[in-house]
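A.B. asks: Encoded as structure tokens, here's the structure I'll be asking about.
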Amino acid sequence: MDYLIRPVRADEWLRMKELRLVALADPVAPVAFLETPEQALARPDSFWQERTAGVTRGTSARQFVAETPDGELVGTVVVLVEEVGAKDIFGAEITAPQAHLVGVFVRDEHRGVGLTERLFEAAVEWAWALEAPPVERVRLYVHEDNPRAQGFYRKFGFVATGQCAPVVGKAGGVDLEMELVRT
């Protein structure tokens with residue numbers, strides 16, 4: 001199947017809500033996402049509209065989707081740009097310009113065909129293209145109990161930094177930081 005990898009559009013907020021709900025229902029969701037399906041369902045439409053619009057413009061964030069020829073959205077990744085001096089989601093200060101990949105998901109029936117690689121290629125390419133200031137590294141966090149994701153990230157070129165953080169909002173486990181450094 002020929003997939004189109006592209007940035008999401010602001011008018012696709014309802015489709016992004018639906019894709020997020022599918023992601024949160026995935027069996028690995030409890031270790032892959034910080035949100036539950038119940039929390040997502042409780043959010044008003046305005047949340048989804050603002051969230052989607054926020055990743056379609058400017059240079060602070062971008063969301064990429066994988067689309068089938070018939071228009072179904074089957075995968076996604078979000079790039080968040082973290083500026084020096086800001087605090088990350090764990091409360092640590094950002095010390096160098098970097099990007100953070102979050103919200104990685106591909107529908108089960110479309111896994112194993114290279115979509116995650118293509119989504120990551122688009123996300124990393126977008127991050128490296130930022131000029132003011134240039135991103136020095138792309139990072140992500142992966143739960144210690146998610147070996148499949150860890151394996152993919154290593155295969156793509158990410159390496160463990162040795163940094164870890166307790167899982168936000170959940171008891172038990174840690175998220176491991178991995179990075180891809182600009183060469």
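Order determines the names: the first chain of the structure tokens is A, the second B, and so forth; residues in each chain are numbered 1 upward, and ligands are numbered 1 upward as they are shown.
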As a VMD selection string, please: all residues of chain A that backbone DSSP puts in strand (DSSP E or B).
C.D. replies: chain A and resid 4 to 7 61 to 67 73 to 82 87 93 98 to 106 137 to 143 159 to 166 174 to 181
A.B. asks: If you run DSSP on the backbone, which residues of segment 1-179 of chain A are alpha helix (DSSP H), as number ranges by chain?
C.D. replies: A: 13-25, 29-32, 37-42, 45-54, 115-129, 147-156
A.B. asks: Could you check the closest approach to Thr56 of chain A for each of A:Val106, A:Leu176, A:Val181, A:Val79 and tell me which residue wins, using only C-alpha atoms?
C.D. replies: A:Val79
A.B. asks: In terms of the shortest atom-to-atom distance over only C-alpha atoms, which of A:Thr52, A:Thr59, A:Gln150, A:Thr36 is closest to Asp11 of chain A?
C.D. replies: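 So, comparing all the options, the nearest one is A:Thr52.
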A.B. asks: With distances taken over only C-alpha atoms, which residue among A:Asp88, A:Phe156, A:Val81, A:Ile94 lies nearest Gly58 of chain A?
C.D. replies: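 Under the stated criterion, the closest residue is A:Val81.
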A.B. asks: Using only C-alpha atoms, what does the table of segment 37-86 of chain A residues within 10 Å of segment 112-134 of chain A look like, with each row giving the shortest atom pair and its distance in Å to one decimal, sorted by chain and ascending number, as JSON lines?
C.D. replies:
{"residue": "A:Thr59", "atom": "CA", "partner": "A:Leu130", "partner_atom": "CA", "distance": 7.3}
{"residue": "A:Ser60", "atom": "CA", "partner": "A:Leu130", "partner_atom": "CA", "distance": 9.7}
{"residue": "A:Ala61", "atom": "CA", "partner": "A:Ala127", "partner_atom": "CA", "distance": 9.1}
{"residue": "A:Arg62", "atom": "CA", "partner": "A:Ala123", "partner_atom": "CA", "distance": 7.8}
{"residue": "A:Gln63", "atom": "CA", "partner": "A:Ala123", "partner_atom": "CA", "distance": 7.8}
{"residue": "A:Phe64", "atom": "CA", "partner": "A:Leu119", "partner_atom": "CA", "distance": 6.6}
{"residue": "A:Val65", "atom": "CA", "partner": "A:Leu119", "partner_atom": "CA", "distance": 7.0}
{"residue": "A:Ala66", "atom": "CA", "partner": "A:Leu119", "partner_atom": "CA", "distance": 7.0}
{"residue": "A:Glu67", "atom": "CA", "partner": "A:Leu115", "partner_atom": "CA", "distance": 9.8}
{"residue": "A:Val74", "atom": "CA", "partner": "A:Leu115", "partner_atom": "CA", "distance": 8.9}
{"residue": "A:Gly75", "atom": "CA", "partner": "A:Leu115", "partner_atom": "CA", "distance": 7.3}
{"residue": "A:Thr76", "atom": "CA", "partner": "A:Leu119", "partner_atom": "CA", "distance": 6.8}
{"residue": "A:Val77", "atom": "CA", "partner": "A:Leu119", "partner_atom": "CA", "distance": 6.5}
{"residue": "A:Val78", "atom": "CA", "partner": "A:Ala123", "partner_atom": "CA", "distance": 7.4}
{"residue": "A:Val79", "atom": "CA", "partner": "A:Ala123", "partner_atom": "CA", "distance": 6.2}
{"residue": "A:Leu80", "atom": "CA", "partner": "A:Ala127", "partner_atom": "CA", "distance": 8.9}
{"residue": "A:Val81", "atom": "CA", "partner": "A:Ala127", "partner_atom": "CA", "distance": 7.8}
{"residue": "A:Glu83", "atom": "CA", "partner": "A:Pro133", "partner_atom": "CA", "distance": 8.7}
{"residue": "A:Val84", "atom": "CA", "partner": "A:Pro133", "partner_atom": "CA", "distance": 9.6}
A.B. asks: For a quick check of understanding, using only C-alpha atoms, which of A:Arg51, A:His110, A:Arg15, A:Arg20 has the smallest distance to Met1 of chain A?
C.D. replies: A:His110
A.B. asks: Name all residues at most 10 Å from Thr95 of chain A (count only C-alpha atoms; drop same-chain ones fewer than 3 positions away) and give them as a ChimeraX atom specification.
C.D. replies: /A:82-87,92,98
